[in-house]
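> There's a structure below that I have some questions on.
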There are 2 protein chains.
Amino acid sequence: MEYQDLLDYLDDAEKRLLAFIRSNNVCKYFNPEDIFKSVFSYIDRPAKRLRPSVLLMAAGALGGPQREQIALPAAAGIELFHTWTLVHDDLIDNDKLRRGGQTVHEAMCGIARSRQSLPENLATEYGRDVAILTGDMQHGWAISCFVDCGLQAEVNSMLILKIIKHLQSYVLGNLIFGEVLDIQYGMHPLTKLQEVNEAKIVEMLWLKTGVLYEFAGMAGALIGKDTCDFEDDEVQAITHFASKCGIAFQLQDDILGILGDEVSLGKPVGSDIREGKKTVIVYESLKNANEFQRNTILSTLGNRAATSYEVQEVKQLFCDLNGIKRTKDLASHYIKEAIPYLDIIPESRYKQLLLLWAHYMLDRDF
Amino acid sequence: MEYQDLLDYLDDAEKRLLAFIRSNNVCKYFNPEDIFKSVFSYIDRPAKRLRPSVLLMAAGALGGPQREQIALPAAAGIELFHTWTLVHDDLIDNDKLRRGGQTVHEAMCGIARSRQSLPENLATEYGRDVAILTGDMQHGWAISCFVDCGLQAEVNSMLILKIIKHLQSYVLGNLIFGEVLDIQYGMHPLTKLQEVNEAKIVEMLWLKTGVLYEFAGMAGALIGKDTCDFEDDEVQAITHFASKCGIAFQLQDDILGILGDEVSLGKPVGSDIREGKKTVIVYESLKNANEFQRNTILSTLGNRAATSYEVQEVKQLFCDLNGIKRTKDLASHYIKEAIPYLDIIPESRYKQLLLLWAHYMLDRDF
C-alpha cells in the first residue's frame with residue numbers, strides 16, 4: 001500500500017462522516033439561527049478529520065469493513081467532541097481565526113455589531129455568549145452521536161455506555177486539566193519557561209491532544225471487536241498506539257505552526273510566535289541560546305505587534321538552536337514507540353492504513 | 001400527608017444525593033485544584049434540589065421505593081446538569097452571586113488577582129476561562145452519572161442510552177434556544193417589551209426552565225417503570241405534569257426575585273429589578289401603567305445604580321399594577337393544569353408527595 005491509499009481512505013471517510021453529520025436528526029434542535037450557523041461553522045470548513053479516521057481504521061482493524069461502517073456514528077461523535085473543545089479553546093485563547101475563517105466568538109461579535117449597532121463591549125459579550133452555548137450544544141450532540149452508534153442492533157448498548165462514561169470522565173478530565181495547565185503556564189513570564197522541563201511540556205501536550213487520540217483508537221477498537229473488555233490485549237495495543245501517535249501529531253503541529261504554509265494552516269504564519277505559544281521548540285531553543293539570542297527570542301515571542309522581520313529572525317533561531325530538530329526527533333521517537341504495538345494485530349488493509357497513518361503524522365504538511 | 005412529609009422527603013433525598021455525588025469515582029479527574037474547587041462550589045451550597053427530587057418521586061410513583069433508590073445516580077445526573085447550566089449562565093449574565101456565594105468566574109477572577117497579582121483584565125479572563133471549563137467538566141460528569149444509573153444490573157442499558165440522547169438533543173437544544181432568546185431580548189430596549197407578548201415570555205420561560213423539569217419527570221418515570229416506551233400513558237402523564245409544574249416554578253421564582261427574602265434567595269433583593277430581568281411581572285405592570293408610572297419603571301429597571309428607594313418604588317408599582325397578581329394567577333393556572341395528569345397514576349406515598357410538591361411550587365418562599 002502507498003500513501004495515496006491512505007489519502008483516498010481519508011477522503012472517503014470524510015465524505016461518509018459529513019453525510020452522517022449533516023443528515024443527523026439532532027440538527028433540528030439548533031435554534032435560533034445564530035446557534036445553527038455557529039454549530040456548523042467549523043464543521044463545514046476543510047479539516048483533517050484525523051480523530052474520526054483513526055477511530056474508523058481501528059474498528060476496521062479488529063472487526064473488518066462491516067464493523068468499520070457500524071462505527072461511523074461514533075466517528076462523528078469524536079469529530080464533534082473535538083469541535084466543541086475548539087470553539088471553547090478559541091474563545092479562551094482569544095483567537096480570531098480557525099480553519100481559514102473567523103472563530104465563532106469573533107464571527108458572532110461581528111454579527112451583533114452590524115445587525116444591532118451594539119457598542120463594542122456588548123457585541124464582544126454576545127460573541128462570547130454564543131460561543132459558549134455553541135460549544136455546549138456541540139458537546140451534547142457529540143454524546144448523542146455515540147448513543148446513535150449504540151442504538152444499532154449490532155452494537156452492545158452496555159459497551160456504548162462504558163465508552164461514554166470513559167469519554168466524559170477520564171478523557172474530559174484530562175483534556176480540561178491540560179487546558180488549565182496551558183492557561184496557567186501562559187500566565188507565567190516566558191523567562192520562567194526553563195523552570196518547566198521537556199517532560200512537563202510533553203505531558204501537557206498529551207493531556208491536551210494525546211488523550212483524545214488515545215480515546216479514538218480505544219473506542220474504535222472496542223466497537224470493532226465488539227467487546228466490553230477495555231483490558232483486551234488488542235484493544236490495549238491500539239489504545240497505546242493511538243496515544244503515542246497523538247503526541248507525535250501535536251509535536252508536528254507545533255513545527256507546522258512555525259514553518260507551515262499560511263493557506264493550508266488556515267491562520268497567519270507567525271501567529272504561534274506572536275502568541276508566545278510554549279512548545280518544545282521554544283524550550284529547546286532557549287536552552288541552547290546565548291544571551292543575545294535569548295533576548296532576541298524573548299522580545300518577539302508573545303509580542304502581538306512583532307514585525308514580520310522579527311518573526312523571521314525568531315524562526316531562524318528556532319532552526320539554528322535545535323528547537324525544530326529536537327521536536328522532529330521527539331515526534332519520530334513517539335511514532336517509533338507506537339508502531340510495534342500493532343505487531344499483535346492481524347494483517348489487514350486497515351492495519352496497513354493505521355501504519356501509513358502513523359508515518360503521515362510526521363510527514364503531513366498541514 | 002402533610003407538607004412536613006414532603007419537606008422530610010426532600011431533606012432525605014438531598015442527603016442521599018450529596019452522598020452519591022461526593023463519593024462518585026469521577027471526582028478524581030477534577031484537576032488542577034482550581035477546577036476541583038470550582039466544580040464543587042455551587043454543589044456544596046444550600047439549594048432546593050427540586051429537579052432531582054421530582055425525578056426520584058416520579059421513579060417511586062411508577063416503581064416503588066426500590067426503583068426510586070435505583071434512580072439515584074440519574075437524580076445526581078440532573079442536578080449536575082442543572083449546575084453546569086448555572087455556571088455558564090452566570091458567566092453569560094455577568095452575575096456575581098449564586099446561592100449566597102460568589103459565582104465561579106467571580107471567585108476565580110479574585111483568586112487570579114490575589115495569587116498572581118495579575119492586571120484586572122487578565123484576572124477577569126482567568127475567571128471566564130475557569131468558569132467555561134468548570135461547566136464543561138460538570139456537563140460531562142452529569143452524563144457520566146446517567147451512565148452509572150445504566151450500569152446497574154436492574155436497569156435496561158438501552159433505556160439509559162435513549163434518556164441520554166433525549167437530554168443531549170431535545171432538552172439541551174431547547175435550553176440553549178431559551179438562553180439565546182433571553183440574551184437577544186436583553187439586547188432590545190425595555191420600551192419594546194410590549195412588542196413581545198405574555199405567551200412569548202411564558203414560552204421562553206418554559207424553554208429555560210420547564211424543559212428540564214419535564215425531563216426530570218420523564219426520566220424518573222421511565223426508570224421507575226423500567227420501560228423504553230416514551231409514549232407510555234403513565235410516563236406521558238408524569239412528563240406533562242412536571243412540565244407544567246416547571247413553568248409554575250419559574251413564575252414563582254420571578255415573584256420571589258422581587259418580594260423574596262435576601263438571605264434565603266442568596267442574592268441581594270432588588271437585583272432582578274436592577275438587572276432589568278424581563279418577566280411577566282414587568283410585562284403586565286407596563287401594560288397597566290399610566291405614563292408617569294411607566295417612566296418610573298423604565299428609569300429604574302436595568303439601572304445597576306438604582307437606589308433602594310427607587311427599587312422599593314418599582315416593587316410597589318409591580319404590586320399595584322397587577323404584575324405580581326397576574327404572575328401568581330398564571331402559576332396557579334399551570335399547577336391546576338398539572339394536577340389532573342396524575343389521576344391515572346396509582347395511589348401511593350410517592351403520588352401524594354408529587355401532589356404536595358406541585359402545591360409547594362406556589363407556596364415556597366425560597
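Residue numbering restarts at 1 in every chain; chains get A, B, ... in the order shown in the C-alpha cells, and ligands count up from 1 in that same order.
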Using only C-alpha atoms, select each residue of chain A with any atom at most 8 Å away from an atom of chain B, and give the selection as a ChimeraX atom specification.
/A:26,29-32,88,92,125-126,128-130,132-133,136-137,140-141,143-144,147,150-151,157-158,161-162,164-165,168-170,172-174,176-177,180-181,183
> Now that the selection is made, can you save its residues with N, CA and C atoms as a tab-separated table (two decimals), in the first residue's frame?

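Okay, part-v9.tsv is ready:
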```tsv
chain	number	residue	atom	x	y	z
A	26	VAL	N	-30.55	15.36	15.02
A	26	VAL	CA	-30.42	16.33	16.12
A	26	VAL	C	-30.37	17.78	15.60
A	29	TYR	N	-32.71	20.76	16.39
A	29	TYR	CA	-32.74	21.46	17.69
A	29	TYR	C	-31.77	22.63	17.78
A	30	PHE	N	-31.09	22.95	16.68
A	30	PHE	CA	-30.13	24.06	16.72
A	30	PHE	C	-30.85	25.37	16.42
A	31	ASN	N	-31.30	26.03	17.46
A	31	ASN	CA	-32.04	27.29	17.34
A	31	ASN	C	-31.52	28.29	18.36
A	32	PRO	N	-31.68	29.61	18.11
A	32	PRO	CA	-32.10	30.21	16.85
A	32	PRO	C	-30.99	30.15	15.79
A	88	HIS	N	-14.58	26.35	22.38
A	88	HIS	CA	-14.30	26.92	23.71
A	88	HIS	C	-12.83	27.36	23.85
A	92	ILE	N	-11.23	31.02	24.78
A	92	ILE	CA	-10.28	31.14	25.89
A	92	ILE	C	-8.97	31.79	25.43
A	125	GLU	N	-19.49	40.68	24.15
A	125	GLU	CA	-20.19	39.76	25.07
A	125	GLU	C	-21.12	38.82	24.31
A	126	TYR	N	-21.80	39.33	23.30
A	126	TYR	CA	-22.68	38.47	22.52
A	126	TYR	C	-21.86	37.37	21.84
A	128	ARG	N	-19.01	36.12	22.84
A	128	ARG	CA	-18.61	35.20	23.90
A	128	ARG	C	-19.77	34.25	24.26
A	129	ASP	N	-20.95	34.83	24.45
A	129	ASP	CA	-22.09	34.03	24.91
A	129	ASP	C	-22.47	32.97	23.88
A	130	VAL	N	-22.54	33.36	22.61
A	130	VAL	CA	-22.92	32.39	21.58
A	130	VAL	C	-21.84	31.32	21.44
A	132	ILE	N	-19.89	30.15	23.86
A	132	ILE	CA	-20.05	29.23	24.99
A	132	ILE	C	-21.19	28.25	24.69
A	133	LEU	N	-22.33	28.78	24.27
A	133	LEU	CA	-23.51	27.93	24.07
A	133	LEU	C	-23.37	27.04	22.84
A	136	ASP	N	-21.38	24.15	23.98
A	136	ASP	CA	-22.24	23.31	24.83
A	136	ASP	C	-23.16	22.44	23.98
A	137	MET	N	-23.73	23.04	22.93
A	137	MET	CA	-24.63	22.29	22.06
A	137	MET	C	-23.87	21.18	21.34
A	140	GLY	N	-23.17	18.23	23.62
A	140	GLY	CA	-24.33	17.34	23.71
A	140	GLY	C	-24.52	16.52	22.45
A	141	TRP	N	-24.33	17.16	21.31
A	141	TRP	CA	-24.52	16.47	20.02
A	141	TRP	C	-23.51	15.33	19.87
A	143	ILE	N	-22.18	13.50	22.21
A	143	ILE	CA	-22.62	12.36	23.01
A	143	ILE	C	-23.81	11.67	22.35
A	144	SER	N	-24.70	12.48	21.81
A	144	SER	CA	-25.86	11.93	21.12
A	144	SER	C	-25.44	11.02	19.95
A	147	VAL	N	-24.48	7.72	21.25
A	147	VAL	CA	-25.71	6.97	21.52
A	147	VAL	C	-26.25	6.37	20.22
A	150	GLY	N	-24.83	3.21	19.55
A	150	GLY	CA	-25.34	2.14	20.42
A	150	GLY	C	-26.76	1.73	20.14
A	151	LEU	N	-27.50	2.56	19.41
A	151	LEU	CA	-28.90	2.20	19.11
A	151	LEU	C	-28.99	1.20	17.96
A	157	SER	N	-25.25	-2.25	23.81
A	157	SER	CA	-25.53	-0.94	24.38
A	157	SER	C	-24.72	-0.70	25.66
A	158	MET	N	-24.39	-1.77	26.37
A	158	MET	CA	-23.55	-1.62	27.56
A	158	MET	C	-22.16	-1.09	27.18
A	161	LEU	N	-22.39	2.63	26.64
A	161	LEU	CA	-22.46	3.31	27.94
A	161	LEU	C	-21.06	3.45	28.55
A	162	LYS	N	-20.28	2.36	28.49
A	162	LYS	CA	-18.94	2.41	29.07
A	162	LYS	C	-18.02	3.37	28.31
A	164	ILE	N	-19.03	6.06	26.66
A	164	ILE	CA	-19.47	7.42	27.01
A	164	ILE	C	-18.94	7.80	28.39
A	165	LYS	N	-19.01	6.88	29.32
A	165	LYS	CA	-18.51	7.19	30.68
A	165	LYS	C	-17.01	7.50	30.64
A	168	GLN	N	-16.51	10.95	29.17
A	168	GLN	CA	-16.99	12.06	29.98
A	168	GLN	C	-16.30	12.17	31.34
A	169	SER	N	-15.45	11.23	31.69
A	169	SER	CA	-14.75	11.33	32.97
A	169	SER	C	-13.24	11.42	32.72
A	170	TYR	N	-12.61	10.28	32.38
A	170	TYR	CA	-11.15	10.25	32.19
A	170	TYR	C	-10.68	11.18	31.07
A	172	LEU	N	-12.33	13.68	29.31
A	172	LEU	CA	-12.68	15.09	29.51
A	172	LEU	C	-11.87	15.70	30.65
A	173	GLY	N	-11.73	14.95	31.75
A	173	GLY	CA	-10.95	15.46	32.89
A	173	GLY	C	-9.52	15.77	32.49
A	174	ASN	N	-8.90	14.87	31.73
A	174	ASN	CA	-7.52	15.11	31.31
A	174	ASN	C	-7.42	16.27	30.32
A	176	ILE	N	-9.33	18.88	30.16
A	176	ILE	CA	-9.52	20.14	30.88
A	176	ILE	C	-8.31	20.43	31.77
A	177	PHE	N	-7.74	19.40	32.36
A	177	PHE	CA	-6.50	19.55	33.13
A	177	PHE	C	-5.42	20.19	32.24
A	180	VAL	N	-6.20	23.88	31.43
A	180	VAL	CA	-5.96	24.81	32.55
A	180	VAL	C	-4.45	24.97	32.79
A	181	LEU	N	-3.69	23.87	32.70
A	181	LEU	CA	-2.23	24.00	32.82
A	181	LEU	C	-1.69	24.95	31.76
A	183	ILE	N	-3.24	27.41	30.30
A	183	ILE	CA	-3.61	28.77	30.68
A	183	ILE	C	-2.68	29.26	31.80
```
> Among range 126-340 of chain B, which ones does DSSP place in alpha helix (DSSP H), written as an MDAnalysis selection string?
chainID B and resid 126:151 157:166 172:187 198:205 211:225 233:259 262:265 271:274 280:288 291:300 308:320 323:338
> Can you tell me which residues surround Asp329 in chain A at a distance of at most 12 Å, considering only C-alpha atoms, apart from same-chain residues fewer than 3 positions away, and format the answer as number ranges by chain?
A: 248, 251-252, 255, 280-281, 322-326, 332-336, 362
> Go ahead and save the residues from that selection, with N, CA and C atoms, as an mmCIF file, in the first residue's frame.

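Below you can see again-v3.cif, which holds the result:
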```cif
data_model
loop_
_atom_site.group_PDB
_atom_site.id
_atom_site.type_symbol
_atom_site.label_atom_id
_atom_site.label_comp_id
_atom_site.auth_asym_id
_atom_site.auth_seq_id
_atom_site.Cartn_x
_atom_site.Cartn_y
_atom_site.Cartn_z
ATOM 1 N N ALA A 248 2.901 12.628 18.801
ATOM 2 C CA ALA A 248 3.648 12.981 17.590
ATOM 3 C C ALA A 248 2.866 13.978 16.740
ATOM 4 N N LEU A 251 3.334 17.431 18.249
ATOM 5 C CA LEU A 251 4.698 17.942 18.046
ATOM 6 C C LEU A 251 4.857 18.444 16.609
ATOM 7 N N GLN A 252 4.345 17.656 15.663
ATOM 8 C CA GLN A 252 4.396 18.067 14.265
ATOM 9 C C GLN A 252 3.556 19.331 14.053
ATOM 10 N N ILE A 255 5.547 22.270 14.903
ATOM 11 C CA ILE A 255 6.516 22.596 13.848
ATOM 12 C C ILE A 255 5.820 23.340 12.709
ATOM 13 N N VAL A 280 7.957 22.637 22.862
ATOM 14 C CA VAL A 280 9.298 22.060 22.970
ATOM 15 C C VAL A 280 10.275 22.871 22.127
ATOM 16 N N ILE A 281 9.799 23.380 20.983
ATOM 17 C CA ILE A 281 10.662 24.203 20.118
ATOM 18 C C ILE A 281 11.230 25.386 20.906
ATOM 19 N N ASN A 322 18.381 24.249 17.347
ATOM 20 C CA ASN A 322 17.982 22.852 17.522
ATOM 21 C C ASN A 322 16.516 22.664 17.953
ATOM 22 N N GLY A 323 15.771 23.766 18.052
ATOM 23 C CA GLY A 323 14.376 23.654 18.509
ATOM 24 C C GLY A 323 13.541 22.796 17.575
ATOM 25 N N ILE A 324 13.648 23.066 16.269
ATOM 26 C CA ILE A 324 12.866 22.306 15.290
ATOM 27 C C ILE A 324 13.347 20.858 15.258
ATOM 28 N N LYS A 325 14.663 20.685 15.204
ATOM 29 C CA LYS A 325 15.202 19.329 15.085
ATOM 30 C C LYS A 325 14.829 18.481 16.308
ATOM 31 N N ARG A 326 14.979 19.054 17.493
ATOM 32 C CA ARG A 326 14.646 18.298 18.706
ATOM 33 C C ARG A 326 13.176 17.857 18.681
ATOM 34 N N SER A 332 9.411 11.622 15.945
ATOM 35 C CA SER A 332 9.829 10.332 15.376
ATOM 36 C C SER A 332 9.933 9.274 16.467
ATOM 37 N N HIS A 333 10.472 9.683 17.594
ATOM 38 C CA HIS A 333 10.613 8.765 18.715
ATOM 39 C C HIS A 333 9.258 8.176 19.123
ATOM 40 N N TYR A 334 8.239 9.028 19.206
ATOM 41 C CA TYR A 334 6.927 8.521 19.633
ATOM 42 C C TYR A 334 6.299 7.622 18.564
ATOM 43 N N ILE A 335 6.518 7.956 17.295
ATOM 44 C CA ILE A 335 5.997 7.079 16.238
ATOM 45 C C ILE A 335 6.723 5.730 16.279
ATOM 46 N N LYS A 336 8.026 5.764 16.510
ATOM 47 C CA LYS A 336 8.792 4.505 16.623
ATOM 48 C C LYS A 336 8.286 3.665 17.799
ATOM 49 N N LEU A 362 4.070 12.353 10.846
ATOM 50 C CA LEU A 362 5.352 13.063 10.737
ATOM 51 C C LEU A 362 5.499 13.814 9.425
#
```
> Excluding same-chain residues fewer than 3 positions from Ile21 in chain B, what lies within 9 Å of it counting only C-alpha atoms, as a PyMOL selection string?
chain B and resi 16-18+24-25+27+73+76-77+80+145
> With C-alpha atoms kept, could you save the residues just selected as a CSV table (one decimal), in the first residue's frame?

```
chain,number,residue,atom,x,y,z
B,16,ARG,CA,-28.6,10.6,49.6
B,17,LEU,CA,-28.0,12.8,46.5
B,18,LEU,CA,-25.0,14.6,48.0
B,24,ASN,CA,-18.5,9.4,42.9
B,25,ASN,CA,-15.4,7.9,41.3
B,27,CYS,CA,-14.1,13.3,41.2
B,73,PRO,CA,-27.5,8.2,40.0
B,76,ALA,CA,-27.4,13.2,40.6
B,77,GLY,CA,-27.1,13.5,36.9
B,80,LEU,CA,-25.2,18.2,37.9
B,145,CYS,CA,-23.9,9.8,36.3
```
> When you look at range 288-296 of chain A with a cut-off of 8 Å (counting only C-alpha atoms), what residues show up, excluding the ones that are within fewer than 2 positions of it in the same chain? I need them as a list in words.
Glu284, Ser285, Leu286, Leu298, Ser299, Thr300, Val314, Leu317, Leu321 and Asn322 of chain A
> Store the residues picked out above, limited to N, CA and C atoms, as a short mmCIF file (atom, residue, chain, number, x, y, z; two decimals), in the first residue's frame.

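What landed in part-v8.cif:
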```cif
data_model
loop_
_atom_site.label_atom_id
_atom_site.label_comp_id
_atom_site.auth_asym_id
_atom_site.auth_seq_id
_atom_site.Cartn_x
_atom_site.Cartn_y
_atom_site.Cartn_z
N GLU A 284 13.58 24.16 23.90
CA GLU A 284 14.89 23.68 23.45
C GLU A 284 15.75 24.85 22.93
N SER A 285 15.13 25.75 22.18
CA SER A 285 15.88 26.87 21.61
C SER A 285 16.42 27.78 22.71
N LEU A 286 15.60 28.08 23.69
CA LEU A 286 16.05 28.94 24.79
C LEU A 286 17.18 28.28 25.56
N LEU A 298 13.04 36.32 23.35
CA LEU A 298 12.10 36.76 24.38
C LEU A 298 11.42 38.08 24.03
N SER A 299 12.10 38.91 23.24
CA SER A 299 11.48 40.20 22.93
C SER A 299 10.43 40.07 21.82
N THR A 300 10.47 38.99 21.06
CA THR A 300 9.50 38.82 19.97
C THR A 300 8.35 37.88 20.37
N VAL A 314 13.23 35.02 14.59
CA VAL A 314 12.99 34.00 15.62
C VAL A 314 12.87 32.61 14.99
N LEU A 317 16.22 31.35 14.40
CA LEU A 317 16.85 30.91 15.66
C LEU A 317 16.30 29.54 16.10
N LEU A 321 19.02 26.80 16.67
CA LEU A 321 19.26 26.40 18.06
C LEU A 321 18.67 25.02 18.39
N ASN A 322 18.38 24.25 17.35
CA ASN A 322 17.98 22.85 17.52
C ASN A 322 16.52 22.66 17.95
#
```
> Leaving out range 198-200 of chain B and any residue of its chain fewer than 2 positions from it, which residues lie within 8 Å of it when counting only C-alpha atoms, given as a CSV table (one decimal) with C-alpha atoms, in the first residue's frame?

```csv
chain,number,residue,atom,x,y,z
B,196,VAL,CA,-43.4,40.8,22.9
B,202,VAL,CA,-44.0,32.1,29.0
B,203,GLU,CA,-42.6,30.2,26.1
B,204,MET,CA,-39.1,31.4,26.8
B,280,VAL,CA,-44.5,38.5,33.1
B,283,TYR,CA,-44.8,43.0,31.1
```
> Can you pull out every residue within 12 Å of Tyr360 in chain B, counting only C-alpha atoms, but drop anything in the same chain fewer than 2 positions away, and send it as a list of chain:residue names?
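What passes the distance filter is B:Glu2, B:Tyr3, B:Gln4, B:Asp5, B:Leu6, B:Leu7, B:Leu10, B:Lys48, B:Leu50, B:Val54, B:Cys245, B:Gly246, B:Ala248, B:Phe249, B:Gln252, B:Ala331, B:Ser332, B:Ile335, B:Leu353, B:Leu354, B:Leu355, B:Leu356, B:Trp357, B:Ala358, B:Leu362, B:Asp363, B:Arg364, B:Asp365, B:Phe366.
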> Would you mind exporting the chosen residues as an mmCIF file, in the first residue's frame, restricted to N, CA and C atoms?

```cif
data_model
loop_
_atom_site.group_PDB
_atom_site.id
_atom_site.type_symbol
_atom_site.label_atom_id
_atom_site.label_comp_id
_atom_site.auth_asym_id
_atom_site.auth_seq_id
_atom_site.Cartn_x
_atom_site.Cartn_y
_atom_site.Cartn_z
ATOM 1 N N GLU B 2 -48.898 15.518 54.980
ATOM 2 C CA GLU B 2 -48.778 16.958 55.186
ATOM 3 C C GLU B 2 -47.496 17.475 54.543
ATOM 4 N N TYR B 3 -47.432 18.790 54.475
ATOM 5 C CA TYR B 3 -46.234 19.438 53.946
ATOM 6 C C TYR B 3 -44.965 18.916 54.597
ATOM 7 N N GLN B 4 -45.071 18.694 55.930
ATOM 8 C CA GLN B 4 -43.864 18.263 56.643
ATOM 9 C C GLN B 4 -43.330 16.955 56.067
ATOM 10 N N ASP B 5 -44.229 16.079 55.595
ATOM 11 C CA ASP B 5 -43.776 14.829 54.980
ATOM 12 C C ASP B 5 -42.955 15.114 53.724
ATOM 13 N N LEU B 6 -43.431 16.091 52.930
ATOM 14 C CA LEU B 6 -42.682 16.469 51.729
ATOM 15 C C LEU B 6 -41.324 17.035 52.119
ATOM 16 N N LEU B 7 -41.327 17.939 53.098
ATOM 17 C CA LEU B 7 -40.063 18.570 53.499
ATOM 18 C C LEU B 7 -39.083 17.520 54.030
ATOM 19 N N LEU B 10 -37.738 15.665 50.991
ATOM 20 C CA LEU B 10 -36.756 16.463 50.244
ATOM 21 C C LEU B 10 -35.415 16.479 50.984
ATOM 22 N N LYS B 48 -32.216 23.938 46.614
ATOM 23 C CA LYS B 48 -33.510 23.269 46.758
ATOM 24 C C LYS B 48 -33.512 21.840 46.232
ATOM 25 N N LEU B 50 -34.735 20.635 43.526
ATOM 26 C CA LEU B 50 -36.091 20.250 43.124
ATOM 27 C C LEU B 50 -36.110 19.334 41.908
ATOM 28 N N VAL B 54 -37.914 15.635 41.968
ATOM 29 C CA VAL B 54 -39.067 15.226 41.151
ATOM 30 C C VAL B 54 -38.734 13.961 40.358
ATOM 31 N N CYS B 245 -45.540 22.056 36.011
ATOM 32 C CA CYS B 245 -45.007 22.490 37.312
ATOM 33 C C CYS B 245 -43.739 23.325 37.133
ATOM 34 N N GLY B 246 -42.947 22.984 36.132
ATOM 35 C CA GLY B 246 -41.714 23.731 35.870
ATOM 36 C C GLY B 246 -41.993 25.178 35.498
ATOM 37 N N ALA B 248 -44.693 26.860 36.462
ATOM 38 C CA ALA B 248 -45.133 27.489 37.713
ATOM 39 C C ALA B 248 -43.938 27.797 38.611
ATOM 40 N N PHE B 249 -42.976 26.880 38.652
ATOM 41 C CA PHE B 249 -41.763 27.104 39.453
ATOM 42 C C PHE B 249 -41.094 28.417 39.044
ATOM 43 N N GLN B 252 -43.099 31.570 39.988
ATOM 44 C CA GLN B 252 -42.934 31.834 41.425
ATOM 45 C C GLN B 252 -41.527 32.370 41.707
ATOM 46 N N ALA B 331 -49.201 31.124 37.582
ATOM 47 C CA ALA B 331 -48.555 29.977 38.234
ATOM 48 C C ALA B 331 -49.624 29.001 38.742
ATOM 49 N N SER B 332 -50.659 29.540 39.411
ATOM 50 C CA SER B 332 -51.749 28.678 39.898
ATOM 51 C C SER B 332 -52.410 27.947 38.734
ATOM 52 N N ILE B 335 -50.354 24.999 37.715
ATOM 53 C CA ILE B 335 -50.439 23.903 38.695
ATOM 54 C C ILE B 335 -51.811 23.216 38.579
ATOM 55 N N LEU B 353 -46.692 12.640 47.470
ATOM 56 C CA LEU B 353 -45.553 13.568 47.539
ATOM 57 C C LEU B 353 -45.504 14.462 46.298
ATOM 58 N N LEU B 354 -45.761 13.869 45.130
ATOM 59 C CA LEU B 354 -45.765 14.669 43.892
ATOM 60 C C LEU B 354 -46.835 15.757 43.943
ATOM 61 N N LEU B 355 -48.018 15.406 44.487
ATOM 62 C CA LEU B 355 -49.097 16.396 44.575
ATOM 63 C C LEU B 355 -48.726 17.521 45.549
ATOM 64 N N LEU B 356 -48.160 17.143 46.688
ATOM 65 C CA LEU B 356 -47.692 18.161 47.639
ATOM 66 C C LEU B 356 -46.624 19.051 46.999
ATOM 67 N N TRP B 357 -45.762 18.405 46.245
ATOM 68 C CA TRP B 357 -44.661 19.104 45.575
ATOM 69 C C TRP B 357 -45.205 20.146 44.592
ATOM 70 N N ALA B 358 -46.277 19.782 43.885
ATOM 71 C CA ALA B 358 -46.892 20.722 42.941
ATOM 72 C C ALA B 358 -47.398 21.961 43.687
ATOM 73 N N LEU B 362 -45.985 26.740 44.415
ATOM 74 C CA LEU B 362 -46.643 28.035 44.607
ATOM 75 C C LEU B 362 -46.370 28.639 45.971
ATOM 76 N N ASP B 363 -46.206 27.779 46.980
ATOM 77 C CA ASP B 363 -46.144 28.258 48.367
ATOM 78 C C ASP B 363 -44.734 28.523 48.862
ATOM 79 N N ARG B 364 -43.763 27.955 48.192
ATOM 80 C CA ARG B 364 -42.389 28.059 48.703
ATOM 81 C C ARG B 364 -41.989 29.529 48.801
ATOM 82 N N ASP B 365 -41.176 29.821 49.809
ATOM 83 C CA ASP B 365 -40.746 31.212 49.939
ATOM 84 C C ASP B 365 -39.239 31.353 49.764
ATOM 85 N N PHE B 366 -38.609 30.307 49.222
ATOM 86 C CA PHE B 366 -37.219 30.487 48.762
ATOM 87 C C PHE B 366 -36.955 29.508 47.632
#
```
> Find, counting only C-alpha atoms, the residue in A:Gln316, A:Ser23, A:Ser53, A:Gln236 that gets nearest to Ala74 in chain A.
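That would be A:Ser53, the residue with the smallest distance to Ala74 in chain A.
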> Between A:Arg99, A:Ser308, A:Phe20, A:Leu72, which one has atoms that come closest to Ala47 in chain A, using only C-alpha atoms?
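Of all the options, A:Arg99 lies closest to Ala47 in chain A.
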